[in-house]
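Notes for the one structure printed next.
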Amino acid sequence: MSRTRFVFRSFTTAFALMACVLASCGGGGGGSTPATAVPASSASSTASTSSSASVSASSSSSTPASGAVEKPGYTLTFNDEFDALDVSANGPGTRWTAHTPWHGDFGDALFADPVAGFPFTVENGILRIEARKRPDGKWESGLLASVDAKNVGFKQQYGYFEMRAKLPSGEGVWPAFWLDSMIPPQFEDPSLEIDVLEYYGQFNDIYHSTVTVWPKDRTQISPFWNTQIPVRANSLTTDFHVWGVSVEPDWIIFYLDGAETWRTKTPDTHKHEMMILVNLALGGGWPITNTPNPSYMYVDYIRAYKKVT
């Protein structure tokens with residue numbers, strides 16, 4: 001997601017969020033591993049057409065409680081339990097890079113090159129992503145991408161992708177767990193973005209899941225599908241939860257704590273592999289005047305699977 005891409009979407013989701021707040025959305029979330037799909041009863045949807053740096057932790061707020069790695073009918077293809085962190089600013093040769101492959105920061109915090117202690121730390125199997133304000137008043141935070149600018153790294157077209165995390169609280173925080181196509185230069189195909197989790201700190205009783213098709217030239221308004229997932233107020237910031245998405249040839253199916261929350265048709269244009277990204281951004285169309293300094297996002301694990309054929 002480049003800064004340009006986020007401008008359009010942040011205003012779209014802002015209006016959707018206000019609609020949900022006025023409607024007093026609310027619900028509940030539990031804590032488990034992915035299970036058989038259970039349709040959500042109250043989700044609403046809208047539609048429109050450098051060198052490697054291993055990081056050691058200084059602190060974390062909770063111990064991990066990872067779910068089972070093996071899943072019947074699936075083969076594990078990617079697994080980071082965050083016992084250590086293999087990251088560099090832009091690669092090559094590390095599992096994660098700290099910037100998007102298209103070199104686009106977004107939001108109101110710059111994504112920092114990793115150094116010991118910032119913006120990533122790990123302890124007891126928990127990754128902490130920190131956002132903090134510099135002495136000059138500017139914010140910095142962290143992003144992890146599984147593919148570098150040379151299209152090297154983990155990516156897959158179909159399968160199940162999952163993260164267990166605890167979100168930051170407070171106005172202005174904008175954490176996300178998402179997938180994005182990395183289209184080789186020789187192709188003119190549009191890319192697909194799947195936001196499994198997109199959370200705006202101003203609204204502590206909902207989060208968003210979205211599917212967006214981005215044309216190659218970025219001059220058109222892309223097809224955009226969005227849903228608001230109601231949850232119990234503050235539940236996503238006080239405990240760990242599991243977000244997942246199953247990307248299939250016919251359907252994209254979203255999960256929270258093992259229960260299906262929403263599904264939408266897989267766009268016909270989805271023809272390429274997708275990378276994994278996780279970040280703690282700020283803003284997203286909302287002010288950061290009262291954002292807690294520092295703010296933390298905690299990630300227990302990120303995994304990906306392919307169906308056994």
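Quick note on naming: the chains in the structure tokens go A, B, ... in the order shown, residues restart at 1 in each chain, and ligands are numbered from 1 in order of appearance.
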
* To do: Find the residues near Glu273 in chain A: any atom within 7 Å, counting only C-alpha atoms, skip ones fewer than 2 places away on the same chain, and give them as a PyMOL selection string.
  => chain A and resi 155-157+181-182+275

* To do: Name all residues at most 9 Å from Arg164 in chain A (count only C-alpha atoms; drop same-chain ones fewer than 4 positions away) and give them as a list of chain:residue names.
  => A:Ser66, A:Gly67, A:Phe240, A:His241, A:Val242, A:Trp243, A:Gly244, A:Asp257, A:Tyr298, A:Val299, A:Asp300, A:Tyr301, A:Ile302

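The gap separating CA of Gly170 in chain A from CA of Asn204 in chain A is 8.5 Å, in Å to one decimal.
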
* To do: Using DSSP on the backbone coordinates, identify the residues of range 70-297 of chain A assigned to strand (DSSP E); present them as number ranges by chain.
  => A: 74-80, 86-88, 96-97, 109-111, 120-123, 126-133, 139-141, 143-145, 159-166, 173-181, 191-198, 206-214, 224-230, 241-247, 251-256, 259-265, 274-282, 295-297

Contacts of Val213 in chain A within 7 Å, only C-alpha atoms, excl. fewer than 6 positions in-chain, as a compact mmCIF listing (two decimals) with N, CA and C atoms, in the first residue's frame:
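Written output follows (part14.txt):
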# COMPACT_ATOMS: atom_id res chain seq x y z
N PRO A 190 -3.75 -6.18 -12.92
CA PRO A 190 -3.97 -5.48 -11.66
C PRO A 190 -3.50 -6.34 -10.49
N SER A 191 -3.23 -5.70 -9.38
CA SER A 191 -2.83 -6.42 -8.17
C SER A 191 -4.03 -6.55 -7.24
N LEU A 192 -3.93 -7.50 -6.34
CA LEU A 192 -4.98 -7.74 -5.35
C LEU A 192 -4.44 -7.44 -3.97
N GLU A 193 -5.17 -6.68 -3.21
CA GLU A 193 -4.85 -6.41 -1.81
C GLU A 193 -5.95 -6.97 -0.93
N SER A 222 -10.42 1.68 -8.11
CA SER A 222 -10.39 0.22 -8.13
C SER A 222 -11.66 -0.37 -7.54
N PRO A 223 -12.03 -1.59 -7.96
CA PRO A 223 -13.09 -2.31 -7.24
C PRO A 223 -12.70 -2.48 -5.78
N PHE A 224 -13.65 -2.32 -4.89
CA PHE A 224 -13.35 -2.27 -3.47
C PHE A 224 -14.50 -2.90 -2.69

DSSP-assigned helix (DSSP H, G or I) among range 30-254 of chain A, expressed as a PDB file with all heavy atoms, in the first residue's frame:
ATOM      1  N   SER A 235     -11.888  -5.321  23.288  1.00  0.00           N
ATOM      2  CA  SER A 235     -11.461  -6.716  23.400  1.00  0.00           C
ATOM      3  C   SER A 235     -10.218  -7.015  22.564  1.00  0.00           C
ATOM      4  O   SER A 235      -9.447  -7.921  22.910  1.00  0.00           O
ATOM      5  CB  SER A 235     -12.603  -7.646  22.973  1.00  0.00           C
ATOM      6  OG  SER A 235     -12.978  -7.406  21.624  1.00  0.00           O
ATOM      7  N   LEU A 236      -9.998  -6.272  21.483  1.00  0.00           N
ATOM      8  CA  LEU A 236      -8.859  -6.550  20.613  1.00  0.00           C
ATOM      9  C   LEU A 236      -7.561  -5.973  21.161  1.00  0.00           C
ATOM     10  O   LEU A 236      -6.480  -6.335  20.685  1.00  0.00           O
ATOM     11  CB  LEU A 236      -9.111  -5.994  19.211  1.00  0.00           C
ATOM     12  CG  LEU A 236     -10.375  -6.487  18.513  1.00  0.00           C
ATOM     13  CD1 LEU A 236     -10.469  -5.905  17.114  1.00  0.00           C
ATOM     14  CD2 LEU A 236     -10.436  -8.014  18.473  1.00  0.00           C
ATOM     15  N   THR A 237      -7.663  -5.083  22.146  1.00  0.00           N
ATOM     16  CA  THR A 237      -6.472  -4.438  22.706  1.00  0.00           C
ATOM     17  C   THR A 237      -6.105  -4.960  24.086  1.00  0.00           C
ATOM     18  O   THR A 237      -5.053  -4.605  24.610  1.00  0.00           O
ATOM     19  CB  THR A 237      -6.678  -2.916  22.788  1.00  0.00           C
ATOM     20  OG1 THR A 237      -7.755  -2.622  23.697  1.00  0.00           O
ATOM     21  CG2 THR A 237      -7.010  -2.343  21.424  1.00  0.00           C
ATOM     22  N   THR A 238      -6.938  -5.801  24.667  1.00  0.00           N
ATOM     23  CA  THR A 238      -6.670  -6.321  26.008  1.00  0.00           C
ATOM     24  C   THR A 238      -6.290  -7.792  26.016  1.00  0.00           C
ATOM     25  O   THR A 238      -5.893  -8.325  27.057  1.00  0.00           O
ATOM     26  CB  THR A 238      -7.894  -6.114  26.922  1.00  0.00           C
ATOM     27  OG1 THR A 238      -9.043  -6.722  26.312  1.00  0.00           O
ATOM     28  CG2 THR A 238      -8.163  -4.632  27.136  1.00  0.00           C
TER      29      THR A 238
END

Kindly provide the residues of range 133-214 of chain A that approach range 106-128 of chain A to within 9 Å, each paired with its closest atom pair and their distance in Å to one decimal, based on only C-alpha atoms, listed by chain and increasing number, as a tab-separated table.
residue	atom	partner	partner_atom	distance
A:Lys133	CA	A:Ala109	CA	8.6
A:Lys138	CA	A:Ala109	CA	7.2
A:Trp139	CA	A:Ala109	CA	4.6
A:Glu140	CA	A:Leu110	CA	4.7
A:Ser141	CA	A:Phe111	CA	5.0
A:Gly142	CA	A:Phe111	CA	4.9
A:Leu143	CA	A:Phe111	CA	6.1
A:Ala165	CA	A:Ile126	CA	8.9
A:Trp174	CA	A:Gly107	CA	8.4

* Which one is closest to His272 in chain A: A:Phe187, A:Ala233, A:Ser169, A:Arg132? Count only C-alpha atoms. -> A:Phe187

* Distance query Gly201 in chain A at most 12 Å, only C-alpha atoms, self and fewer than 6 positions along chain excluded, as number ranges by chain -> A: 17, 167-176, 207-208, 233-234, 236-237, 280-288, 290-292, 295, 297

* Atom pair CA of Asp86 in chain A / CA of Met274 in chain A: separation (Å) ->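 So the answer is 19.8 Å.
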
* To do: Rank nothing, just name the residue among A:Leu197, A:Val247, A:Leu85, A:Ile183 nearest to Lys216 in chain A, using only C-alpha atoms.
  =>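 Going through A:Leu197, A:Val247, A:Leu85, A:Ile183 one by one, the smallest distance to Lys216 in chain A is for A:Ile183.
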
* Asked: Suppose you want the space between CA of Trp102 in chain A and CA of Thr212 in chain A; what is it in Å?
  ->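 According to the coordinates, CA of Trp102 in chain A and CA of Thr212 in chain A are separated by 17.0 Å.
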
* **Option closest in space to Ala98 in chain A, from A:Ser146, A:Asn226, A:Asn151, A:Asn79 [counting only C-alpha atoms]** =>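 So, comparing all the options, the nearest one is A:Ser146.
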
* To do: Write out as a PyMOL selection string each polymer residue whose atoms come within 10 Å of Asn90 in chain A, counting only C-alpha atoms; drop sequence neighbours fewer than 3 positions from it.
  => chain A and resi 50-52+87+93-94+96-101+103+113+145+147-150

With N, CA and C atoms kept, could you save the residues just selected as a compact mmCIF listing (two decimals), in the first residue's frame?
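What follows is the written file out-v1.txt:
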# COMPACT_ATOMS: atom_id res chain seq x y z
N SER A 50 19.19 -3.41 3.63
CA SER A 50 20.44 -3.01 4.13
C SER A 50 21.01 -4.14 4.82
N SER A 51 21.44 -4.16 5.74
CA SER A 51 22.06 -5.35 6.32
C SER A 51 21.07 -5.97 7.28
N SER A 52 21.21 -7.28 7.51
CA SER A 52 20.32 -7.99 8.41
C SER A 52 20.52 -7.53 9.83
N VAL A 87 15.30 -9.66 10.04
CA VAL A 87 14.77 -8.51 9.32
C VAL A 87 15.90 -7.59 8.90
N GLY A 93 18.16 -11.36 1.50
CA GLY A 93 18.63 -12.44 2.33
C GLY A 93 18.00 -12.55 3.70
N THR A 94 17.01 -11.73 4.01
CA THR A 94 16.33 -11.84 5.30
C THR A 94 14.88 -12.26 5.09
N TRP A 96 12.24 -11.06 6.51
CA TRP A 96 11.38 -9.87 6.45
C TRP A 96 12.20 -8.66 6.00
N THR A 97 11.53 -7.74 5.32
CA THR A 97 12.09 -6.41 5.11
C THR A 97 11.18 -5.39 5.79
N ALA A 98 11.77 -4.24 6.14
CA ALA A 98 11.07 -3.26 6.97
C ALA A 98 10.41 -2.15 6.17
N HIS A 99 10.28 -2.36 4.87
CA HIS A 99 9.59 -1.41 4.00
C HIS A 99 8.82 -2.19 2.95
N THR A 100 7.78 -1.57 2.39
CA THR A 100 7.07 -2.23 1.31
C THR A 100 8.00 -2.37 0.10
N PRO A 101 7.81 -3.38 -0.72
CA PRO A 101 8.67 -3.56 -1.90
C PRO A 101 8.61 -2.39 -2.88
N HIS A 103 8.55 0.65 -1.92
CA HIS A 103 9.19 1.77 -1.22
C HIS A 103 8.20 2.87 -0.85
N ASP A 113 14.00 2.03 9.54
CA ASP A 113 14.97 0.95 9.37
C ASP A 113 15.22 0.31 10.72
N ALA A 145 7.45 -6.92 5.69
CA ALA A 145 6.97 -7.47 4.43
C ALA A 145 7.76 -8.73 4.12
N VAL A 147 8.33 -10.05 1.18
CA VAL A 147 8.96 -9.99 -0.13
C VAL A 147 9.72 -8.68 -0.25
N ASP A 148 10.91 -8.71 -0.86
CA ASP A 148 11.68 -7.48 -1.01
C ASP A 148 11.44 -6.86 -2.39
N ALA A 149 12.13 -5.77 -2.66
CA ALA A 149 11.88 -5.01 -3.89
C ALA A 149 12.25 -5.79 -5.15
N LYS A 150 13.06 -6.83 -5.01
CA LYS A 150 13.42 -7.67 -6.15
C LYS A 150 12.50 -8.89 -6.29

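In this comparison, which uses only C-alpha atoms, the residue of A:Leu256, A:Glu162, A:Pro92, A:Pro267 approaching Asp80 in chain A most closely is A:Glu162.
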